[in-house]
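Chemist: Following this line is model_28.cif, made up of mmCIF, C-alpha atoms and all ligand atoms:
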data_upload
#
loop_
_atom_site.group_PDB
_atom_site.id
_atom_site.type_symbol
_atom_site.label_atom_id
_atom_site.label_comp_id
_atom_site.auth_asym_id
_atom_site.auth_seq_id
_atom_site.Cartn_x
_atom_site.Cartn_y
_atom_site.Cartn_z
ATOM 1 C CA MET A 25 17.567 -16.047 -3.255
ATOM 2 C CA THR A 26 15.225 -15.391 -6.134
ATOM 3 C CA ALA A 27 16.273 -14.634 -9.705
ATOM 4 C CA THR A 28 15.367 -10.958 -9.355
ATOM 5 C CA SER A 29 17.570 -10.478 -6.322
ATOM 6 C CA MET A 30 20.724 -12.011 -7.816
ATOM 7 C CA GLY A 31 23.755 -9.974 -8.741
ATOM 8 C CA LYS A 32 22.289 -6.664 -7.746
ATOM 9 C CA ASP A 33 22.460 -4.360 -4.768
ATOM 10 C CA PHE A 34 19.011 -3.166 -3.892
ATOM 11 C CA VAL A 35 18.325 -0.415 -1.403
ATOM 12 C CA LEU A 36 15.586 -2.578 0.090
ATOM 13 C CA SER A 37 15.110 -6.339 -0.200
ATOM 14 C CA VAL A 38 11.997 -7.783 1.375
ATOM 15 C CA GLU A 39 11.977 -11.586 1.315
ATOM 16 C CA GLY A 40 9.427 -14.064 2.593
ATOM 17 C CA LEU A 41 7.925 -11.436 4.881
ATOM 18 C CA THR A 42 4.984 -12.658 6.932
ATOM 19 C CA VAL A 43 3.054 -11.253 9.857
ATOM 20 C CA SER A 44 0.346 -13.159 11.560
ATOM 21 C CA PHE A 45 -2.251 -11.445 13.769
ATOM 22 C CA ASP A 46 -3.913 -14.218 15.785
ATOM 23 C CA GLY A 47 -3.442 -16.628 12.904
ATOM 24 C CA PHE A 48 -4.550 -14.154 10.216
ATOM 25 C CA LYS A 49 -1.687 -13.445 7.810
ATOM 26 C CA ALA A 50 -2.033 -9.750 6.920
ATOM 27 C CA VAL A 51 1.273 -10.033 5.034
ATOM 28 C CA ASN A 52 1.933 -13.475 3.638
ATOM 29 C CA ASP A 53 5.331 -14.580 2.304
ATOM 30 C CA LEU A 54 5.865 -11.237 0.571
ATOM 31 C CA SER A 55 8.977 -10.475 -1.468
ATOM 32 C CA PHE A 56 9.872 -7.325 -3.359
ATOM 33 C CA TYR A 57 12.966 -5.269 -4.141
ATOM 34 C CA VAL A 58 13.439 -1.515 -4.390
ATOM 35 C CA ASP A 59 16.213 0.084 -6.449
ATOM 36 C CA GLU A 60 18.333 3.119 -5.813
ATOM 37 C CA ASN A 61 16.499 6.337 -6.843
ATOM 38 C CA GLU A 62 13.306 4.430 -7.489
ATOM 39 C CA ILE A 63 9.770 5.528 -6.684
ATOM 40 C CA ARG A 64 7.835 2.361 -5.973
ATOM 41 C CA VAL A 65 4.097 2.664 -5.615
ATOM 42 C CA ILE A 66 2.148 0.029 -3.712
ATOM 43 C CA ILE A 67 -1.519 -0.231 -4.615
ATOM 44 C CA GLY A 68 -4.203 -2.734 -3.707
ATOM 45 C CA PRO A 69 -7.723 -2.962 -2.302
ATOM 46 C CA ASN A 70 -8.512 -1.988 1.290
ATOM 47 C CA GLY A 71 -7.164 -4.538 3.729
ATOM 48 C CA ALA A 72 -4.565 -5.837 1.243
ATOM 49 C CA GLY A 73 -1.807 -5.294 3.817
ATOM 50 C CA LYS A 74 -0.226 -2.120 2.385
ATOM 51 C CA THR A 75 0.004 -0.134 5.624
ATOM 52 C CA THR A 76 1.139 -3.255 7.484
ATOM 53 C CA VAL A 77 4.076 -3.597 5.067
ATOM 54 C CA LEU A 78 5.241 -0.080 5.981
ATOM 55 C CA ASP A 79 4.670 -0.850 9.681
ATOM 56 C CA LEU A 80 6.929 -3.892 9.314
ATOM 57 C CA ILE A 81 9.679 -2.003 7.483
ATOM 58 C CA CYS A 82 9.758 0.819 10.034
ATOM 59 C CA GLY A 83 9.703 -1.589 12.997
ATOM 60 C CA ARG A 84 6.307 -0.599 14.332
ATOM 61 C CA THR A 85 5.070 -4.137 13.805
ATOM 62 C CA ARG A 86 7.282 -7.199 14.318
ATOM 63 C CA ALA A 87 7.542 -9.726 11.494
ATOM 64 C CA THR A 88 6.517 -13.298 12.242
ATOM 65 C CA GLU A 89 8.845 -14.563 9.515
ATOM 66 C CA GLY A 90 11.059 -13.300 6.745
ATOM 67 C CA SER A 91 13.684 -10.687 6.161
ATOM 68 C CA ILE A 92 13.868 -6.957 5.422
ATOM 69 C CA LYS A 93 17.310 -5.850 4.310
ATOM 70 C CA PHE A 94 18.051 -2.157 3.945
ATOM 71 C CA ARG A 95 21.456 -1.536 2.357
ATOM 72 C CA GLY A 96 22.406 -5.030 3.494
ATOM 73 C CA LYS A 97 21.359 -4.391 7.103
ATOM 74 C CA GLU A 98 18.672 -6.640 8.592
ATOM 75 C CA LEU A 99 15.858 -4.429 9.927
ATOM 76 C CA THR A 100 13.586 -7.050 11.452
ATOM 77 C CA LYS A 101 15.816 -7.216 14.536
ATOM 78 C CA LEU A 102 16.026 -3.450 15.079
ATOM 79 C CA LYS A 103 13.908 -1.081 17.141
ATOM 80 C CA GLU A 104 11.962 1.754 15.513
ATOM 81 C CA HIS A 105 14.472 4.487 16.412
ATOM 82 C CA GLN A 106 17.369 2.352 15.173
ATOM 83 C CA ILE A 107 15.599 1.962 11.834
ATOM 84 C CA VAL A 108 15.125 5.733 11.617
ATOM 85 C CA HIS A 109 18.809 6.118 12.435
ATOM 86 C CA ALA A 110 19.706 3.633 9.694
ATOM 87 C CA GLY A 111 18.076 6.030 7.214
ATOM 88 C CA VAL A 112 14.444 5.013 6.848
ATOM 89 C CA GLY A 113 11.799 7.746 7.217
ATOM 90 C CA ARG A 114 8.093 7.069 7.318
ATOM 91 C CA LYS A 115 5.082 9.332 6.994
ATOM 92 C CA PHE A 116 1.786 8.167 8.400
ATOM 93 C CA GLN A 117 -1.629 8.835 6.883
ATOM 94 C CA ASN A 118 -2.448 11.732 9.205
ATOM 95 C CA PRO A 119 0.153 14.473 9.443
ATOM 96 C CA SER A 120 1.878 14.622 12.817
ATOM 97 C CA ILE A 121 3.156 18.163 12.923
ATOM 98 C CA TYR A 122 3.303 20.573 15.848
ATOM 99 C CA GLU A 123 0.272 22.786 15.196
ATOM 100 C CA ASP A 124 1.324 25.491 17.694
ATOM 101 C CA LEU A 125 4.772 25.943 16.198
ATOM 102 C CA THR A 126 5.651 27.809 13.020
ATOM 103 C CA VAL A 127 6.702 26.107 9.805
ATOM 104 C CA PHE A 128 10.285 27.159 10.566
ATOM 105 C CA GLU A 129 10.178 25.683 14.064
ATOM 106 C CA ASN A 130 8.620 22.419 12.867
ATOM 107 C CA LEU A 131 11.469 21.969 10.398
ATOM 108 C CA GLU A 132 14.077 23.129 12.883
ATOM 109 C CA ILE A 133 13.166 20.629 15.596
ATOM 110 C CA SER A 134 13.221 17.856 13.010
ATOM 111 C CA PHE A 135 16.816 18.613 12.115
ATOM 112 C CA PRO A 136 18.727 15.559 13.406
ATOM 113 C CA ARG A 137 21.115 17.465 15.665
ATOM 114 C CA GLY A 138 18.264 18.740 17.765
ATOM 115 C CA ARG A 139 17.500 15.312 19.062
ATOM 116 C CA ASN A 140 20.235 14.648 21.550
ATOM 117 C CA VAL A 141 21.186 15.504 25.080
ATOM 118 C CA PHE A 142 19.773 18.989 25.419
ATOM 119 C CA GLY A 143 16.445 18.348 23.738
ATOM 120 C CA ALA A 144 14.860 19.489 20.561
ATOM 121 C CA LEU A 145 14.525 23.223 21.119
ATOM 122 C CA MET A 146 17.732 23.924 22.983
ATOM 123 C CA PHE A 147 20.398 24.045 20.308
ATOM 124 C CA LYS A 148 21.603 27.231 18.684
ATOM 125 C CA ARG A 149 20.059 28.213 15.394
ATOM 126 C CA ASP A 150 23.337 28.179 13.622
ATOM 127 C CA LYS A 151 23.773 28.864 9.946
ATOM 128 C CA GLU A 152 23.784 25.216 8.907
ATOM 129 C CA VAL A 153 20.356 24.612 10.405
ATOM 130 C CA ILE A 154 18.869 27.845 9.068
ATOM 131 C CA ASP A 155 20.177 27.179 5.565
ATOM 132 C CA LYS A 156 18.812 23.647 5.624
ATOM 133 C CA VAL A 157 15.390 24.820 6.839
ATOM 134 C CA HIS A 158 15.224 27.329 3.980
ATOM 135 C CA GLU A 159 16.322 24.752 1.432
ATOM 136 C CA ILE A 160 13.655 22.277 2.562
ATOM 137 C CA ALA A 161 10.955 24.986 2.830
ATOM 138 C CA GLU A 162 11.565 25.921 -0.794
ATOM 139 C CA LEU A 163 11.369 22.276 -1.863
ATOM 140 C CA ILE A 164 8.011 21.766 -0.089
ATOM 141 C CA PHE A 165 6.491 25.003 -1.475
ATOM 142 C CA LEU A 166 6.417 26.725 1.930
ATOM 143 C CA LYS A 167 9.238 29.241 1.655
ATOM 144 C CA ASP A 168 6.821 32.165 2.004
ATOM 145 C CA ASP A 169 5.132 30.599 5.033
ATOM 146 C CA LEU A 170 8.107 29.996 7.324
ATOM 147 C CA ASN A 171 6.724 32.188 10.097
ATOM 148 C CA LYS A 172 3.178 30.950 9.807
ATOM 149 C CA GLN A 173 1.774 28.826 12.598
ATOM 150 C CA ALA A 174 1.396 25.268 11.299
ATOM 151 C CA ALA A 175 -2.245 25.133 12.427
ATOM 152 C CA LEU A 176 -3.059 27.792 9.818
ATOM 153 C CA LEU A 177 -1.743 25.779 6.870
ATOM 154 C CA SER A 178 -4.085 24.042 4.434
ATOM 155 C CA HIS A 179 -4.421 20.263 4.695
ATOM 156 C CA GLY A 180 -2.121 19.816 1.686
ATOM 157 C CA GLN A 181 0.477 22.196 3.108
ATOM 158 C CA LYS A 182 0.462 20.249 6.371
ATOM 159 C CA GLN A 183 1.199 17.085 4.416
ATOM 160 C CA TRP A 184 4.101 18.834 2.683
ATOM 161 C CA LEU A 185 5.399 20.128 5.999
ATOM 162 C CA GLU A 186 5.500 16.625 7.377
ATOM 163 C CA ILE A 187 7.327 15.416 4.272
ATOM 164 C CA GLY A 188 9.761 18.295 4.863
ATOM 165 C CA MET A 189 10.248 17.233 8.489
ATOM 166 C CA LEU A 190 11.296 13.824 7.206
ATOM 167 C CA LEU A 191 13.460 15.208 4.387
ATOM 168 C CA ILE A 192 15.456 17.382 6.762
ATOM 169 C CA GLN A 193 16.656 14.129 8.337
ATOM 170 C CA ASP A 194 17.905 13.093 4.899
ATOM 171 C CA PRO A 195 16.564 9.519 4.838
ATOM 172 C CA GLU A 196 17.837 7.181 2.123
ATOM 173 C CA LEU A 197 14.449 5.522 2.000
ATOM 174 C CA LEU A 198 11.280 7.545 2.477
ATOM 175 C CA MET A 199 7.916 5.816 2.886
ATOM 176 C CA LEU A 200 4.626 7.667 2.481
ATOM 177 C CA ASP A 201 1.156 6.305 3.222
ATOM 178 C CA GLU A 202 -1.480 7.952 1.004
ATOM 179 C CA PRO A 203 0.225 11.357 0.908
ATOM 180 C CA VAL A 204 -2.230 13.044 -1.494
ATOM 181 C CA ALA A 205 -5.467 11.953 0.196
ATOM 182 C CA GLY A 206 -7.609 15.057 0.642
ATOM 183 C CA MET A 207 -5.394 17.198 -1.601
ATOM 184 C CA SER A 208 -6.646 19.342 -4.485
ATOM 185 C CA VAL A 209 -5.685 18.429 -8.058
ATOM 186 C CA ALA A 210 -3.141 21.275 -8.096
ATOM 187 C CA GLU A 211 -1.617 20.098 -4.798
ATOM 188 C CA ARG A 212 -1.390 16.549 -6.156
ATOM 189 C CA LYS A 213 0.558 17.777 -9.187
ATOM 190 C CA LEU A 214 2.968 19.668 -6.944
ATOM 191 C CA THR A 215 3.385 16.636 -4.689
ATOM 192 C CA ALA A 216 4.262 14.498 -7.732
ATOM 193 C CA GLU A 217 6.823 17.161 -8.693
ATOM 194 C CA LEU A 218 8.235 17.108 -5.171
ATOM 195 C CA LEU A 219 8.598 13.326 -5.077
ATOM 196 C CA ASN A 220 10.214 13.242 -8.519
ATOM 197 C CA LYS A 221 12.727 15.826 -7.297
ATOM 198 C CA ILE A 222 13.698 14.118 -4.042
ATOM 199 C CA THR A 223 14.449 10.728 -5.613
ATOM 200 C CA LYS A 224 17.632 12.160 -7.109
ATOM 201 C CA ASP A 225 19.108 11.382 -3.682
ATOM 202 C CA ARG A 226 16.971 8.557 -2.331
ATOM 203 C CA SER A 227 14.363 5.870 -2.891
ATOM 204 C CA VAL A 228 10.696 6.321 -2.089
ATOM 205 C CA ILE A 229 7.878 3.879 -1.385
ATOM 206 C CA VAL A 230 4.397 5.359 -1.734
ATOM 207 C CA ILE A 231 1.036 3.792 -0.994
ATOM 208 C CA GLU A 232 -1.582 5.484 -3.126
ATOM 209 C CA HIS A 233 -5.005 5.031 -4.708
ATOM 210 C CA ASP A 234 -5.083 8.013 -7.070
ATOM 211 C CA MET A 235 -4.152 6.481 -10.429
ATOM 212 C CA GLN A 236 -3.296 9.817 -12.070
ATOM 213 C CA PHE A 237 -0.879 10.504 -9.240
ATOM 214 C CA VAL A 238 0.541 6.983 -9.504
ATOM 215 C CA ALA A 239 1.091 7.478 -13.245
ATOM 216 C CA ASP A 240 2.892 10.778 -12.520
ATOM 217 C CA ILE A 241 5.406 9.264 -10.109
ATOM 218 C CA ALA A 242 5.776 5.492 -10.338
ATOM 219 C CA ASN A 243 8.807 3.763 -11.762
ATOM 220 C CA ARG A 244 7.238 0.464 -10.874
ATOM 221 C CA VAL A 245 3.971 -0.523 -9.235
ATOM 222 C CA THR A 246 3.469 -3.418 -6.847
ATOM 223 C CA VAL A 247 -0.123 -4.597 -6.523
ATOM 224 C CA LEU A 248 -0.807 -6.166 -3.162
ATOM 225 C CA HIS A 249 -3.708 -8.499 -2.527
ATOM 226 C CA GLN A 250 -4.289 -10.557 0.614
ATOM 227 C CA GLY A 251 -0.770 -9.831 1.803
ATOM 228 C CA LYS A 252 0.909 -11.061 -1.380
ATOM 229 C CA VAL A 253 2.171 -9.570 -4.626
ATOM 230 C CA LEU A 254 -0.594 -9.977 -7.197
ATOM 231 C CA SER A 255 1.221 -8.154 -9.979
ATOM 232 C CA GLU A 256 4.308 -5.998 -10.396
ATOM 233 C CA GLY A 257 5.850 -3.874 -13.107
ATOM 234 C CA SER A 258 5.173 -0.713 -15.067
ATOM 235 C CA MET A 259 1.879 1.120 -14.620
ATOM 236 C CA ASP A 260 0.793 -0.128 -18.057
ATOM 237 C CA LYS A 261 1.676 -3.685 -17.271
ATOM 238 C CA VAL A 262 -0.231 -3.881 -13.998
ATOM 239 C CA GLN A 263 -3.226 -1.941 -15.310
ATOM 240 C CA ASN A 264 -3.620 -4.449 -18.132
ATOM 241 C CA ASP A 265 -3.069 -7.489 -15.944
ATOM 242 C CA PRO A 266 -6.324 -9.539 -15.922
ATOM 243 C CA LYS A 267 -5.625 -10.621 -12.302
ATOM 244 C CA VAL A 268 -5.531 -6.969 -11.226
ATOM 245 C CA LYS A 269 -8.719 -6.105 -13.100
ATOM 246 C CA GLU A 270 -10.471 -9.025 -11.470
ATOM 247 C CA VAL A 271 -9.478 -7.985 -7.940
ATOM 248 C CA TYR A 272 -10.593 -4.388 -8.471
ATOM 249 C CA LEU A 273 -13.863 -5.342 -10.159
ATOM 250 C CA GLY A 274 -14.536 -7.769 -7.345
ATOM 251 C CA HIS A 275 -14.613 -4.804 -4.923
HETATM 252 P P1 LIG A 301 -4.355 -1.674 3.771
HETATM 253 O O1 LIG A 301 -3.415 -0.613 4.236
HETATM 254 O O2 LIG A 301 -3.903 -2.354 2.516
HETATM 255 O O3 LIG A 301 -5.765 -1.181 3.612
HETATM 256 P P2 LIG A 301 -3.767 -2.914 6.321
HETATM 257 O O4 LIG A 301 -2.314 -3.217 6.197
HETATM 258 O O5 LIG A 301 -4.135 -1.732 7.136
HETATM 259 O O6 LIG A 301 -4.425 -2.824 4.865
HETATM 260 O O7 LIG A 301 -4.508 -4.168 6.939
HETATM 261 C C1 LIG A 301 -4.404 -5.460 6.401
HETATM 262 C C2 LIG A 301 -5.203 -6.400 7.235
HETATM 263 O O8 LIG A 301 -4.552 -6.641 8.481
HETATM 264 C C3 LIG A 301 -6.593 -5.906 7.573
HETATM 265 O O9 LIG A 301 -7.476 -7.013 7.517
HETATM 266 C C4 LIG A 301 -6.451 -5.386 8.983
HETATM 267 O O10 LIG A 301 -7.657 -5.471 9.678
HETATM 268 C C5 LIG A 301 -5.404 -6.322 9.561
HETATM 269 N N1 LIG A 301 -4.567 -5.710 10.598
HETATM 270 C C6 LIG A 301 -3.705 -4.674 10.426
HETATM 271 N N2 LIG A 301 -3.076 -4.368 11.561
HETATM 272 C C7 LIG A 301 -3.538 -5.244 12.504
HETATM 273 C C8 LIG A 301 -3.248 -5.466 13.900
HETATM 274 N N3 LIG A 301 -2.356 -4.719 14.558
HETATM 275 N N4 LIG A 301 -3.931 -6.474 14.513
HETATM 276 C C9 LIG A 301 -4.816 -7.227 13.859
HETATM 277 N N5 LIG A 301 -5.118 -7.084 12.559
HETATM 278 C C10 LIG A 301 -4.495 -6.109 11.880
HETATM 279 MG MG MG A 302 -3.666 1.467 4.648
#
Please render this file's structure as structure tokens.
Ligand code: ADP
Ligand code: MG
Modeler:
Amino acid sequence: MTATSMGKDFVLSVEGLTVSFDGFKAVNDLSFYVDENEIRVIIGPNGAGKTTVLDLICGRTRATEGSIKFRGKELTKLKEHQIVHAGVGRKFQNPSIYEDLTVFENLEISFPRGRNVFGALMFKRDKEVIDKVHEIAELIFLKDDLNKQAALLSHGQKQWLEIGMLLIQDPELLMLDEPVAGMSVAERKLTAELLNKITKDRSVIVIEHDMQFVADIANRVTVLHQGKVLSEGSMDKVQNDPKVKEVYLGH
């Protein structure tokens, strides 16, 4: 146990995490800890291992060594769907929404109850589901677009819809990989607002390059470089860290 992990219950504790792809360590003895209600931003140059860290946490990639504890539960032994069930939601870089369905239907089929025996579209649209869909639609700025086909949404709106599809499952930890890429400045501001709102009930890990966006949301920033933590702390602290400046100037 390290000094930072003692005497405290973190939502997520990553310790000594390593993954080796044919001998190349994309993530190398990585440790970091995420608090309740925290927005942690992970930054770092291309190839630093950021996406791989999320892949490891959500069970898409198997760790070679190390531990990932989520609310005390070891995730490295679990399958992807078990990790989702434990309360970890993950958004990939490209939105995976159902383009042919409406905004309402996309949210509805993501409601957890729709996922069992009778299949996603078979359950009754009872009041609980409808209320939840409306609540989430309002949160993701799509309440006036519920009947619109998802294909007709802007790129930014599609990103929000996918965030909504995760939120309707009420994850305790939400992980987002470059959520504002391709968004307008106005959409970025709204996304920052959205993330600040949803951390009242959960923790969020965001990978992002846009420094204005990072400044708008981050409680703490972890700078990754060659699969390791190069620097960690407040935005100010990491921005003024000579090691960080060197890595970014070197690229
Ligand atoms: P980032 O998201 O920080 O840009 P990645 O996590 O995508 O970086 O990748 C980190 C490194 O690991 C890169 O060099 C990448 O080529 C390598 N890598 C990622 N996934 C795999 C994989 N499945 N097999 C082999 N190499 C991989
Ligand atoms: Mg990446």
Chemist: Would you please work out which residue, of A:Asp59, A:Glu129, A:Asp155, A:Asp240, is nearest to A:Leu170 when using only C-alpha atoms?
Modeler: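 Counting only C-alpha atoms, the residue closest to A:Leu170 is A:Glu129.
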Chemist: Given the choices A:Asp201, A:Glu159, A:Glu123, A:Asp150, which gets closest to A:Gly73 if the distance is worked out from all atoms listed in the file?
Modeler: A:Asp201
Chemist: Once 6 Å is added on each side, what centre and edge lengths in Å to one decimal does the axis-aligned box around all listed atoms of ligand LIG 301 (chain A) have, as JSON?
Modeler:
{"center_x": -5.0, "center_y": -3.9, "center_z": 8.5, "size_x": 17.3, "size_y": 18.6, "size_z": 24.0}
Chemist: Quick check on the file I pasted: which residues fall under the PyMOL selection byres (((chain A and resi 245) around 7) and not hetatm)? Write them as a PyMOL selection string.
Modeler: chain A and resi 64-66+242-244+246-247+256-259
Chemist: Can you list every residue of chain A that has an atom at most 12 Å from ligand LIG 301 (chain A), with its nearest atom pair and the distance in Å to one decimal, using only C-alpha atoms and all ligand atoms, ordered by chain then number, as a tab-separated table?
Modeler:
residue	atom	partner	partner_atom	distance
A:Thr42	CA	A:LIG301	O8	11.4
A:Val43	CA	A:LIG301	O8	9.0
A:Ser44	CA	A:LIG301	C9	8.2
A:Phe45	CA	A:LIG301	C9	4.9
A:Asp46	CA	A:LIG301	C9	7.3
A:Gly47	CA	A:LIG301	C9	9.5
A:Phe48	CA	A:LIG301	N5	7.5
A:Lys49	CA	A:LIG301	O8	7.4
A:Ala50	CA	A:LIG301	O8	4.3
A:Val51	CA	A:LIG301	C1	7.4
A:Asn52	CA	A:LIG301	C1	10.6
A:Ile66	CA	A:LIG301	O2	9.0
A:Ile67	CA	A:LIG301	O2	7.8
A:Gly68	CA	A:LIG301	O2	6.2
A:Pro69	CA	A:LIG301	O2	6.2
A:Asn70	CA	A:LIG301	O3	3.7
A:Gly71	CA	A:LIG301	O6	3.4
A:Ala72	CA	A:LIG301	O2	3.8
A:Gly73	CA	A:LIG301	O4	3.2
A:Lys74	CA	A:LIG301	O2	3.7
A:Thr75	CA	A:LIG301	O1	3.7
A:Thr76	CA	A:LIG301	O4	3.7
A:Val77	CA	A:LIG301	O4	6.5
A:Leu78	CA	A:LIG301	O4	8.2
A:Asp79	CA	A:LIG301	O4	8.2
A:Leu80	CA	A:LIG301	O4	9.8
A:Arg84	CA	A:LIG301	N3	9.6
A:Thr85	CA	A:LIG301	N3	7.5
A:Arg86	CA	A:LIG301	N3	10.0
A:Ala87	CA	A:LIG301	N3	11.5
A:Phe116	CA	A:LIG301	O1	11.0
A:Gln117	CA	A:LIG301	O1	10.0
A:Leu200	CA	A:LIG301	O1	11.7
A:Asp201	CA	A:LIG301	O1	8.4
A:Glu202	CA	A:LIG301	O1	9.4
A:Val230	CA	A:LIG301	O1	11.5
A:Ile231	CA	A:LIG301	O1	8.2
A:Glu232	CA	A:LIG301	O1	9.7
A:His233	CA	A:LIG301	O2	10.4
A:Thr246	CA	A:LIG301	O2	12.0
A:Val247	CA	A:LIG301	O2	10.1
A:Leu248	CA	A:LIG301	O2	7.5
A:His249	CA	A:LIG301	O2	8.0
A:Gln250	CA	A:LIG301	C1	7.7
A:Gly251	CA	A:LIG301	C1	7.3
A:Lys252	CA	A:LIG301	O2	10.7
A:Val253	CA	A:LIG301	O2	11.8
Chemist: As a JSON list (two decimals) with C-alpha atoms, in the frame of the given file, please: the residues near stretch 188-190 of chain A (cut-off 6 Å, only C-alpha atoms, same-chain neighbours under 3 positions excluded).
Modeler:
[["chain", "number", "residue", "atom", "x", "y", "z"],
["A", 131, "LEU", "CA", 11.47, 21.97, 10.40],
["A", 134, "SER", "CA", 13.22, 17.86, 13.01],
["A", 185, "LEU", "CA", 5.40, 20.13, 6.00],
["A", 193, "GLN", "CA", 16.66, 14.13, 8.34]]
Chemist: For A:Gly40, which residue among A:Gly113, A:Gly90, A:Gly83, A:Pro136 is the nearest when counting only C-alpha atoms?
Modeler: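 Using only C-alpha atoms, A:Gly40 sits closest to A:Gly90.
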Chemist: Using atom CA of A:Asp260 and atom CA of A:Asp225 as the two end points, give the distance in Å to one decimal.
Modeler: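 Rounded to one decimal, the two atoms are 26.0 Å apart.
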Chemist: Between A:Ala216, A:Ala161, A:Leu254, A:Ala175, which is the closest to A:Val238 once you count all atoms listed in the file?
Modeler: A:Ala216
Chemist: Here's the selection I'm unsure about, the PyMOL selection byres (((chain A and resi 222) around 10) and not hetatm); applied to the file above, which residues does it give, as a PyMOL selection string?
Modeler: chain A and resi 61+63+163+191+194+198+217-221+223-228
Chemist: Atom CA of A:Glu39 and atom CA of A:His105 are how many Å apart?
Modeler: 22.2 Å
Chemist: Suppose you want the space between atom CA of A:Gln173 and atom CA of A:Pro195; what is it in Å?
Modeler: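 Distance between the two atoms: 25.5 Å.
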Chemist: Give the answer as one residue: which of A:Lys151, A:His179, A:Lys269, A:Lys115 has the shortest atom-to-atom distance to ligand MG 302 (chain A), using all atoms listed in the file?
Modeler: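 Among A:Lys151, A:His179, A:Lys269, A:Lys115, it is A:Lys115 that comes nearest to ligand MG 302 (chain A).
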Chemist: So, counting only C-alpha atoms and all ligand atoms, which residue among A:Asn118, A:Ser178, A:Gly111, A:Asn171 is closest to ligand MG 302 (chain A)?
Modeler: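 Closest to ligand MG 302 (chain A) of all the choices is A:Asn118.
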Chemist: Specify as a short mmCIF file (atom, residue, chain, number, x, y, z; two decimals) with C-alpha atoms, in the frame of the given file each residue included when the PyMOL selection byres (((chain A and resi 166) around 12) and not hetatm) is applied to this file.
Modeler:
data_model
loop_
_atom_site.label_atom_id
_atom_site.label_comp_id
_atom_site.auth_asym_id
_atom_site.auth_seq_id
_atom_site.Cartn_x
_atom_site.Cartn_y
_atom_site.Cartn_z
CA THR A 126 5.65 27.81 13.02
CA VAL A 127 6.70 26.11 9.80
CA PHE A 128 10.28 27.16 10.57
CA ASN A 130 8.62 22.42 12.87
CA LEU A 131 11.47 21.97 10.40
CA VAL A 157 15.39 24.82 6.84
CA HIS A 158 15.22 27.33 3.98
CA GLU A 159 16.32 24.75 1.43
CA ILE A 160 13.66 22.28 2.56
CA ALA A 161 10.96 24.99 2.83
CA GLU A 162 11.56 25.92 -0.79
CA LEU A 163 11.37 22.28 -1.86
CA ILE A 164 8.01 21.77 -0.09
CA PHE A 165 6.49 25.00 -1.48
CA LYS A 167 9.24 29.24 1.66
CA ASP A 168 6.82 32.16 2.00
CA ASP A 169 5.13 30.60 5.03
CA LEU A 170 8.11 30.00 7.32
CA ASN A 171 6.72 32.19 10.10
CA LYS A 172 3.18 30.95 9.81
CA GLN A 173 1.77 28.83 12.60
CA ALA A 174 1.40 25.27 11.30
CA LEU A 177 -1.74 25.78 6.87
CA SER A 178 -4.08 24.04 4.43
CA GLY A 180 -2.12 19.82 1.69
CA GLN A 181 0.48 22.20 3.11
CA LYS A 182 0.46 20.25 6.37
CA GLN A 183 1.20 17.08 4.42
CA TRP A 184 4.10 18.83 2.68
CA LEU A 185 5.40 20.13 6.00
CA GLU A 186 5.50 16.62 7.38
CA ILE A 187 7.33 15.42 4.27
CA GLY A 188 9.76 18.30 4.86
CA LEU A 214 2.97 19.67 -6.94
#
Chemist: Excluding A:Phe34 and any residue of its chain fewer than 6 positions from it, enumerate the residues within 8 Å of it, using only C-alpha atoms, and give them as a VMD selection string.
Modeler: chain A and resid 57 to 60 94 to 95
